[in-house]
Each structure stands twice: as structure tokens, then as C-alpha cells.
Amino acid sequence: ALYSGAAEDEFRNLFHWVGFFIATPTLLYSGYPFFHNSISGLRSRYLTMDLPIAIGATATYIYSTYITFTGSLDGEVFFDTVVNFIFVILIGRYLEALSKRNALSATRRMLELQPKLATLIEAGVQKTVPIRSVKAGDLVLVRPGENIPVDGIVTEGESVVDESMLTGESQPIRKQPEDSVVAGSINGEGAFVVRAKHVLRHTALAKIIALMDEAQTSKAPIQTLADKIVPWFVVITLTLATLTFMYWVGSDFEKALLAAASVLVVTCPCAFGMATPMSIAVASGVGASNGILIKQGVALEKLSSVTHYVFDKTGTLTEGKLRLVKRFTAEGISPQTVLQIAASAEQQSEHGIAKTIISAAQQENLPLLEISRFNASPGRGVEADIEGQKILVGTAEWMTLHDIKLNGEWQSQVNQLEQQGISGVFVARDQKLIGILGLFDTLRDDAKNVIADMLAQGLKVTVLSGDRQLVVDSVTADLGNIQRLAEVLPAEKRQVIQRLQQQGDFVAMVGDGINDSPALIQADVGIALASGTDVSIESADIILSHNQLSQVALARQLAARTLRTIRQNIVLSISYNVIMVPLAMMALVSPLLAAITMPISSLLVIGNAARISRIVKR
């Protein structure tokens with residue numbers, strides 16, 4: 001009404017008061033977040049991005065209130081400006097929130113996999129209970145088509161289960177008694193009972209979600225720099241607004257007020273502040289959707305700078321599915337006896353070799369013998385007493401340390417095995433060698449292509465293994481011109497990484513996340529391949545939950561794309577300010593127009609960050 005003539009007649013004061021009663025609750029209620037964040041920042045001695053908005057809105061409102069209460073005929077009120085630019089800024093933030101939610105949809109999809117209810121079986125009675133009521137050890141019924149609510153072991157029934165969201169396995173996996181299942185996977189047409197092992201935040205699904213949340217809220221070094229710049233940006237904004245006001249106030253107070261308010265609003269560095277976190281949030285979501293779990297945003301920045309990749313052999317470059325393929329025994333001792341003794345000695349070990357030997361004994365229905373005085377030496381072997389006899393199972397070096405020597409016949413057998421890429425595990429009883437178990441593992445299907453691509457990009461590649469040199473050379477023969485380091489103990493792998501770093505290399509270590517923990521921690525970037533139920537989050541910076549080596553290359557591409565997007569977003573936000581600030585200082589931009597363009601710049605940053613997801617669609 002004031003713009004269409006009411007400002008010139010007797011209704012002028014009426015509409016001023018109408019504007020006052022509309023603008024006051026708008027400023028106090030809708031504008032409350034700006035004031036709250038500004039005051040909290042000032043108390044913490046940190047200038048937030050909401051401070052210029054709060055000052056601009058308050059100054060315009062106070063001037064308009066002064067004109068209204070005094071009834072002055074020399075000035076105009078700008079309650080409409082206060083209401084409009086608060087409205088527009090909040091609309092912009094709402095659109096930003098929608099865009100962020102879409103960008104972080106991977107996290108939301110993961111959360112939706114966790115059922116809220118479970119069918120508990122107690123004393124043969126089924127009852128539906130909230131998932132929070134289920135404890136480890138409880139029996140849970142999983143009906144056809146349901147999401148499995150807990151990590152656990154199938155006790156009865158069988159079905160096929162879709163674990164693609166967690167492990168990347170595209171084909172449903174048949175589950176029967178004694179098989180493990182993970183929360184969030186989808187049951188097929190059968191029904192089965194699961195004994196809960198892990199529930200709620202202890203499940204593999206919860207750990208993955210926690211990793212995503214941690215990555216999306218973490219700060220990379222480039223973001224830390226941006227956070228340090230923002231307060232200075234706000235100081236510059238306040239200074240420019242003051243200078244603008246002082247320049248125009250001599251000729252036109254209202255023009256000076258509006259121009260200063262425009263500067264305050266237009267330079268709000270929202271786009272600059274979200275340039276990095278938005279990119280990292282999107283990258284974390286994209287990575288998680290493709291089995292790349294990024295523990296910290298800093299890992300993305302570091303990964304793009306890696307010059308040397310170091311791979312553990314067993315379980316990383318190879319399938320990690322060892323098979324017992326050869327057995328040599330001393331005269332008078334059966335192959336079954338050697339296998340039974342070895343499996344019994346290894347029964348308290350968690351090593352992959354131990355599990356392979358025990359599994360082979362179980363397949364032949366060989367019972368495990370009772371042992372005592374068990375002791376394990378990482379990378380070498382184990383020792384234990386069985387029926388008063390000292391048993392040793394391990395490497396040739398482990399035998400040598402216990403003064404057990406290989407004669408010419410044994411050495412010949414070992415050489416034959418190693419030339420075929422078969423690792424020999426030696427079994428001794430009371431200081432006498434009684435047999436050799438030959439274990440074989442094959443390269444992953446994608447190992448050759450991944451290593452070839454890295455070499456083509458000029459990256460250095462090293463393979464570390466505790467196996468003998470002949471075995472390592474044989475297994476990795478197809479991988480081209482790479483460095484191969486054999487007979488390296490777990491504790492020595494860290495020293496290898498240190499040596500490479502001292503030579504000026506920026507190193508990424510790719511391992512299984514358990515035996516390679518010291519090396520993963522020492523490396524500039526630690527990358528662990530893990531199954532969906534054994535996600536290692538302690539040592540590695542990045543976990544590849546789909547257990548595919550090709551994800552190492554995808555993680556590198558994702559890191560490079562994210563860093564490039566962050567730099568683009570920073571340039572976008574700075575360019576916006578370089579263009580708009582001079583226009584606002586020249587009083588060519590109204591507060592309302594400033595309020596419109598400011599969220600647009602933020603949406604451009606969000607839209608550019610969302611383009612990171614296209615890296616997977618190529």
C-alpha cells in the first residue's frame with residue numbers, strides 16, 4: 001500500500017504500524033536463529049556468518065521503528081525489506097537443507113536398512129519387540145522378505161540373503177545353519193532363526209553408518225583453512241558495510257542504510273563456508289554407496305597426493321582364500337596325522353593360515369586334540385604341547401629358531417612348492433620335522449588391471465609379504481615391473497613404510513586391517529580391505545567394505561575429484577563476492593536482491609558438489 005500511494009495520505013502512519021506489527025514477530029521469531037548463532041559466536045570469540053545478517057536486519061528494523069514511533073515525515077520505513085530478506089534467506093537455507101539431504105542420501109539409505117522391530121523367540125514363543133530390546137545371545141526369527149535386524153549366526157532354517165548394500169556381492173548368498181548374517185541384509189523366500197551376536201551400534205551396518213557420519217563431519221586441512229578465513233571475512237564485511245554507510249550518509253541517510261544492509265547480506269560467506277564440507281559430505285556418501293568408507297575427510301585430501309602404493313600380498317592382492325593343495329610327510333607318519341596335529345596346535349590362532357588348516361581337518365572329520373602352553377609368534381608360527389609333546393607349526397625360519405634343520409630331501413620339496421607359488425607350512429614334533437602342508441592362494445581377478453593402471457599413471461607399487469621370495473615372485477609374476485619384498489614380518493612392514501617416506505614418497509598402505517595395523521597407521525593413508533562383518537576402523541583411514549581391489553583406484557579418483565570440486569567451489573564463492581560487493585557498495589543492489597543472490601551462490605556450490613556423484617556413472 002505504501003508503494004502505491006498510501007505514503008502520501010492520512011493512512012501513512014496506519015500502514016507504518018501495520019508493517020511494524022508484521023515485521024516485529026518476523027524478526028524476533030524467524031530471525032531468531034541469526035541472532036542466536038551470532039551471540040553464541042561472539043561469546044566464543046568467533047565471528048559467524050550470521051552476524052552480518054543479524055546486524056543488517058536489526059539496523060533496518062530499528063530505523064524503520066524510529067520513523068514509525070516519531071511519526072517523522074522525513075524518512076520511509078523498510079519493514080517490508082526486513083521481512084522479505086529474512087524470508088528469502090530462510091527459503092534459501094531450506095533449499096540448501098534439501099540439497100544436503102539429497103547429497104547425503106547414502107547415509108539415509110543405510111539407516112533405513114536397520115529394522116525397527118524384530119521377532120524374538122523366547123521359550124518357543126514368538127513375539128514382536130523393538131530392536132532395542134534384543135540382546136546378544138537372543139534367538140530372532142527372520143521371515144521371508146524381511147531385513148535381518150542383527151549380526152549373528154543361523155541356528156536353523158535356510159534361505160538366500162541379499163548383502164549387496166554391505167558387501168557389494170551382487171548375487172544373493174545361500175545361508176544355512178552355522179553361517180553368519182549381518183544386520184541390514186535382505187532375506188529371500190525362506191525363513192531362518194538367528195542367534196544374535198551383535199546388536200544396534202555394534203553391528204557392521206552401524207559401524208559403517210558411524211564411519212560415514214564421522215567422515216561427513218570431519219574437517220580436511222583445506223577446510224580448516226577456510227574456517228580460519230571466515231572470521232576475517234566477516235570483519236571485512238562489517239568494515240565494508242561501515243565504509244559504505246559513511247560514504248552515502250552525507251547525501252542520503254536511507255540510501256546509506258540500505259546500501260550498508262545490502263553489503264552485509266550480499267557478502268555473507270555462506271557459499272565459502274560450505275565449499276569444503278559439502279564436497280566432503282557428498283564424496284563420503286558416494287564412497288559409501290560404492291563400498292568406500294572414508295573415516296576422515298583429511299584422507300581424501302591426502303589420497304590425491306599419494307605417489308607410492310604398498311600392497312600386502314595375502315588377502316589383499318590375493319583372494320585370501322587359502323587352500324590346502326599339497327602334503328609331504330616323514331616316513332611312517334600319515335598325512336591325516338600331520339594335518340590333525342597341525343590343526344590342533346593352530347586352534348587358538350586367529351591367523352588365516354590357521355583357519356585354513358583347521359577347516360581342512362574338519363572336512364576330513366579329524367577331531368582336534370587338547371593343547372596346552374600355546375604361544376604364537378606373528379609372522380612366524382605357533383607352538384603348543386599335545387599329550388606332553390612339543391608341537392611347532394610355522395615357517396622355515398620358525399623351525400630354524402628352534403634348531404630344526406631341513407635336510408636335502410625336505411629342501412627339495414620346499415623348492416618345488418615355492419616355484420609353483422605354494423607356501424609351505426612346516427610341522428614339527430619334539431624337535432623333528434614330521435610334515436609340510438602346501439597352501440595356495442590366487443591373485444584377485446582385478447589385481448592385474450589395478451596395478452597396470454597405477455604403473456601407467458607413473459605411480460610406484462610395492463608388494464610386501466611374509467612368504468618366501470620364490471612364492472611372492474611366482475604369485476605376482478603377472479603384475480609387471482613392481483618392487484617385491486618377501487619374508488617381511490608384520491612389525492617390519494612399518495619400517496618399510498618409514499623408509500619409503502624418508503625417501504620422499506607419499507605412501508598409501510593397502511592391507512587387511514588386522515596384521516598390517518602398524519603399517520596402516522604409519523602410512524600417510526591407510527586403506528583396509530575388509531568383509532562386511534570385519535570392518536577394521538581402528539588403523540585404516542579408508543575401508544573398502546566390498547572387498548574389491550578395484551575400489552582402490554576408484555577411491556583415488558574420488559579423492560582427486562573431491563579436491564578439484566573444493567577448489568572450484570572456493571573460486572565460485574569468491575567470484576560471487578568480487579562481483580556483488582562493489583555493486584552493493586555503489587547502492588545498485590537492494591537488500592532484497594542481495595538476499596536473493598546470496599542463497600543462489602550457496603546453491604551453486606551445493607550443485608557443483610553434487611556433481612561428484614557422476615564419477616561413478618562414467
# chains A, B, ... in the order shown; residues from 1 in each chain; ligands from 1
>>> residues_around(residues="stretch 396-404 of chain A", least_positions_apart="3", cutoff="7 Å", atoms="only C-alpha atoms", output="list in words")
Arg380, Gly381, Phe426, Gln431 and Lys432 of chain A
>>> write_last_selection(atoms="N, CA and C atoms", output="short mmCIF file (atom, residue, chain, number, x, y, z; two decimals), in the first residue's frame")
data_model
loop_
_atom_site.label_atom_id
_atom_site.label_comp_id
_atom_site.auth_asym_id
_atom_site.auth_seq_id
_atom_site.Cartn_x
_atom_site.Cartn_y
_atom_site.Cartn_z
N ARG A 380 55.59 -65.83 12.08
CA ARG A 380 56.49 -66.99 12.11
C ARG A 380 55.74 -68.30 12.30
N GLY A 381 54.96 -68.42 13.39
CA GLY A 381 54.25 -69.65 13.62
C GLY A 381 53.73 -69.75 15.04
N PHE A 426 55.45 -75.74 7.91
CA PHE A 426 56.19 -76.86 8.45
C PHE A 426 55.59 -77.30 9.79
N GLN A 431 61.11 -81.63 18.23
CA GLN A 431 62.34 -81.23 17.53
C GLN A 431 62.58 -82.02 16.24
N LYS A 432 61.58 -82.73 15.73
CA LYS A 432 61.74 -83.47 14.48
C LYS A 432 60.65 -83.04 13.50
#
>>> residues_around(residues="A:Ile542", least_positions_apart="5", cutoff="9 Å", atoms="only C-alpha atoms", output="number ranges by chain")
A: 292-296, 299-300, 525-529, 537, 555
>>> closest_atom_pairs(of="stretch 242-332 of chain A", to="stretch 476-495 of chain A", cutoff="10 Å", atoms="only C-alpha atoms", output="tab-separated table")
residue	atom	partner	partner_atom	distance
A:Val310	CA	A:Gln483	CA	9.3
A:Phe311	CA	A:Arg484	CA	9.7
A:Asp312	CA	A:Lys493	CA	9.1
A:Lys313	CA	A:Thr476	CA	8.6
A:Leu317	CA	A:Thr476	CA	8.5
A:Thr318	CA	A:Thr476	CA	9.1
>>> select_by_dssp(residues="stretch 13-205 of chain A", states="alpha helix (DSSP H)", output="ChimeraX atom specification")
/A:13-25,32-43,50-70,79-103,105-113,164-167,204-205
>>> residues_around(residues="A:Glu387", least_positions_apart="6", cutoff="10 Å", atoms="only C-alpha atoms", output="PDB file with N, CA, C and O atoms, in the first residue's frame")
ATOM      1  N   LEU A 369      42.795 -82.130  18.922  1.00  0.00           N
ATOM      2  CA  LEU A 369      43.324 -82.643  20.181  1.00  0.00           C
ATOM      3  C   LEU A 369      43.460 -81.523  21.205  1.00  0.00           C
ATOM      4  O   LEU A 369      43.623 -80.358  20.847  1.00  0.00           O
ATOM      5  N   GLU A 370      43.434 -81.873  22.477  1.00  0.00           N
ATOM      6  CA  GLU A 370      43.576 -80.878  23.537  1.00  0.00           C
ATOM      7  C   GLU A 370      45.016 -80.379  23.593  1.00  0.00           C
ATOM      8  O   GLU A 370      45.966 -81.176  23.496  1.00  0.00           O
ATOM      9  N   ILE A 371      45.183 -79.072  23.731  1.00  0.00           N
ATOM     10  CA  ILE A 371      46.527 -78.494  23.753  1.00  0.00           C
ATOM     11  C   ILE A 371      46.742 -77.683  25.033  1.00  0.00           C
ATOM     12  O   ILE A 371      45.784 -77.317  25.716  1.00  0.00           O
ATOM     13  N   SER A 372      47.995 -77.406  25.315  1.00  0.00           N
ATOM     14  CA  SER A 372      48.346 -76.547  26.445  1.00  0.00           C
ATOM     15  C   SER A 372      49.588 -75.739  26.076  1.00  0.00           C
ATOM     16  O   SER A 372      50.271 -76.037  25.092  1.00  0.00           O
TER      17      SER A 372
END
>>> select_by_dssp(residues="stretch 257-422 of chain A", states="strand (DSSP E)", output="JSON, numbers by chain")
{"A": [292, 293, 294, 308, 309, 310, 311, 312, 323, 324, 325, 326, 327, 328, 329, 372, 373, 374, 375, 376, 377, 381, 382, 383, 384, 385, 386, 389, 390, 391, 392, 393, 394, 422]}
>>> residues_around(residues="A:Arg323", least_positions_apart="3", cutoff="9 Å", atoms="only C-alpha atoms", output="mmCIF file with C-alpha atoms, in the first residue's frame")
data_model
loop_
_atom_site.group_PDB
_atom_site.id
_atom_site.type_symbol
_atom_site.label_atom_id
_atom_site.label_comp_id
_atom_site.auth_asym_id
_atom_site.auth_seq_id
_atom_site.Cartn_x
_atom_site.Cartn_y
_atom_site.Cartn_z
ATOM 1 C CA THR A 356 42.608 -72.905 6.506
ATOM 2 C CA ILE A 357 44.373 -75.799 8.241
ATOM 3 C CA ALA A 360 40.823 -78.837 6.086
ATOM 4 C CA GLY A 438 51.329 -76.702 0.991
ATOM 5 C CA LEU A 439 48.858 -73.759 0.889
ATOM 6 C CA PHE A 440 47.929 -71.980 -2.318
ATOM 7 C CA ASP A 441 46.250 -68.626 -2.946
#
>>> atom_distance(atom1="atom CA of A:Ser545", atom2="atom CA of A:Gly291")
4.9 Å
>>> closest_residue(among="A:Phe192, A:Glu163, A:Tyr94, A:Val450", to="A:Pro177", atoms="only C-alpha atoms")
A:Phe192
>>> residues_around(residues="A:Val263", least_positions_apart="6", cutoff="7 Å", atoms="only C-alpha atoms", output="list in words")
Ala241, Val581, Ala584 and Met585 of chain A
>>> residues_around(residues="A:Ile39", least_positions_apart="5", cutoff="12 Å", atoms="only C-alpha atoms", output="list of chain:residue names")
A:Tyr32, A:Pro33, A:Phe34, A:Ser44, A:Arg45, A:Tyr46, A:Leu47, A:Thr48, A:Met49, A:Asp50, A:Leu51, A:Pro52, A:Ala54, A:Ile55
>>> residues_around(residues="stretch 390-395 of chain A", least_positions_apart="5", cutoff="9 Å", atoms="only C-alpha atoms", output="PyMOL selection string")
chain A and resi 341-342+345-346+379-385+400+402+424-431+433+467
>>> atom_distance(atom1="atom CA of A:Ala23", atom2="atom CA of A:Phe87")
11.0 Å
>>> closest_residue(among="A:Leu500, A:Val552, A:Ile358, A:Ala540", to="A:Ile451", atoms="only C-alpha atoms")
A:Val552
>>> closest_residue(among="A:Thr155, A:Asp445, A:Glu331, A:Ala361", to="A:Ala343", atoms="only C-alpha atoms")
A:Ala361
>>> decode(residues="stretch 171-198 of chain A", atoms="N, CA and C atoms", output="mmCIF file, in the first residue's frame")
data_model
loop_
_atom_site.group_PDB
_atom_site.id
_atom_site.type_symbol
_atom_site.label_atom_id
_atom_site.label_comp_id
_atom_site.auth_asym_id
_atom_site.auth_seq_id
_atom_site.Cartn_x
_atom_site.Cartn_y
_atom_site.Cartn_z
ATOM 1 N N GLN A 171 25.110 -61.141 -6.244
ATOM 2 C CA GLN A 171 24.236 -62.304 -6.206
ATOM 3 C C GLN A 171 23.841 -62.644 -4.770
ATOM 4 N N PRO A 172 22.563 -63.016 -4.549
ATOM 5 C CA PRO A 172 22.158 -63.446 -3.202
ATOM 6 C C PRO A 172 22.988 -64.646 -2.743
ATOM 7 N N ILE A 173 23.245 -64.723 -1.455
ATOM 8 C CA ILE A 173 24.095 -65.763 -0.891
ATOM 9 C C ILE A 173 23.248 -66.728 -0.074
ATOM 10 N N ARG A 174 23.430 -68.032 -0.310
ATOM 11 C CA ARG A 174 22.648 -69.021 0.447
ATOM 12 C C ARG A 174 23.172 -69.110 1.868
ATOM 13 N N LYS A 175 22.244 -69.062 2.815
ATOM 14 C CA LYS A 175 22.587 -69.147 4.228
ATOM 15 C C LYS A 175 21.917 -70.375 4.831
ATOM 16 N N GLN A 176 22.703 -71.126 5.620
ATOM 17 C CA GLN A 176 22.206 -72.301 6.311
ATOM 18 C C GLN A 176 22.816 -72.337 7.709
ATOM 19 N N PRO A 177 22.419 -73.294 8.548
ATOM 20 C CA PRO A 177 22.941 -73.312 9.913
ATOM 21 C C PRO A 177 24.468 -73.195 9.984
ATOM 22 N N GLU A 178 24.939 -72.392 10.947
ATOM 23 C CA GLU A 178 26.349 -72.086 11.212
ATOM 24 C C GLU A 178 26.896 -70.973 10.322
ATOM 25 N N ASP A 179 26.118 -70.507 9.336
ATOM 26 C CA ASP A 179 26.559 -69.372 8.518
ATOM 27 C C ASP A 179 26.262 -68.067 9.258
ATOM 28 N N SER A 180 27.092 -67.064 9.007
ATOM 29 C CA SER A 180 26.883 -65.756 9.645
ATOM 30 C C SER A 180 26.041 -64.862 8.754
ATOM 31 N N VAL A 181 25.264 -63.975 9.355
ATOM 32 C CA VAL A 181 24.454 -62.988 8.630
ATOM 33 C C VAL A 181 24.686 -61.619 9.268
ATOM 34 N N VAL A 182 24.429 -60.573 8.510
ATOM 35 C CA VAL A 182 24.673 -59.217 9.008
ATOM 36 C C VAL A 182 23.393 -58.396 8.965
ATOM 37 N N ALA A 183 23.268 -57.501 9.934
ATOM 38 C CA ALA A 183 22.098 -56.626 10.015
ATOM 39 C C ALA A 183 21.989 -55.776 8.758
ATOM 40 N N GLY A 184 20.764 -55.573 8.298
ATOM 41 C CA GLY A 184 20.523 -54.737 7.134
ATOM 42 C C GLY A 184 20.415 -55.508 5.844
ATOM 43 N N SER A 185 20.940 -56.744 5.789
ATOM 44 C CA SER A 185 20.809 -57.543 4.575
ATOM 45 C C SER A 185 19.373 -58.046 4.463
ATOM 46 N N ILE A 186 18.979 -58.388 3.240
ATOM 47 C CA ILE A 186 17.563 -58.686 2.962
ATOM 48 C C ILE A 186 17.375 -60.178 2.738
ATOM 49 N N ASN A 187 16.476 -60.773 3.503
ATOM 50 C CA ASN A 187 16.189 -62.197 3.381
ATOM 51 C C ASN A 187 15.367 -62.471 2.123
ATOM 52 N N GLY A 188 15.559 -63.672 1.561
ATOM 53 C CA GLY A 188 14.809 -64.062 0.367
ATOM 54 C C GLY A 188 13.493 -64.739 0.730
ATOM 55 N N GLU A 189 13.246 -65.896 0.115
ATOM 56 C CA GLU A 189 11.941 -66.534 0.267
ATOM 57 C C GLU A 189 11.868 -67.504 1.442
ATOM 58 N N GLY A 190 13.009 -67.873 2.007
ATOM 59 C CA GLY A 190 12.995 -68.802 3.132
ATOM 60 C C GLY A 190 12.903 -68.081 4.464
ATOM 61 N N ALA A 191 12.827 -68.856 5.535
ATOM 62 C CA ALA A 191 12.820 -68.293 6.895
ATOM 63 C C ALA A 191 13.880 -69.016 7.706
ATOM 64 N N PHE A 192 14.496 -68.309 8.635
ATOM 65 C CA PHE A 192 15.507 -68.944 9.473
ATOM 66 C C PHE A 192 15.585 -68.234 10.818
ATOM 67 N N VAL A 193 16.230 -68.895 11.763
ATOM 68 C CA VAL A 193 16.416 -68.350 13.104
ATOM 69 C C VAL A 193 17.884 -67.964 13.277
ATOM 70 N N VAL A 194 18.099 -66.775 13.837
ATOM 71 C CA VAL A 194 19.454 -66.251 14.025
ATOM 72 C C VAL A 194 19.723 -66.055 15.516
ATOM 73 N N ARG A 195 20.888 -66.529 15.956
ATOM 74 C CA ARG A 195 21.323 -66.216 17.323
ATOM 75 C C ARG A 195 22.120 -64.914 17.266
ATOM 76 N N ALA A 196 21.608 -63.876 17.915
ATOM 77 C CA ALA A 196 22.215 -62.551 17.830
ATOM 78 C C ALA A 196 23.625 -62.557 18.423
ATOM 79 N N LYS A 197 24.545 -61.963 17.674
ATOM 80 C CA LYS A 197 25.920 -61.819 18.146
ATOM 81 C C LYS A 197 26.235 -60.349 18.430
ATOM 82 N N HIS A 198 25.820 -59.480 17.507
ATOM 83 C CA HIS A 198 25.997 -58.039 17.694
ATOM 84 C C HIS A 198 24.667 -57.352 17.406
#
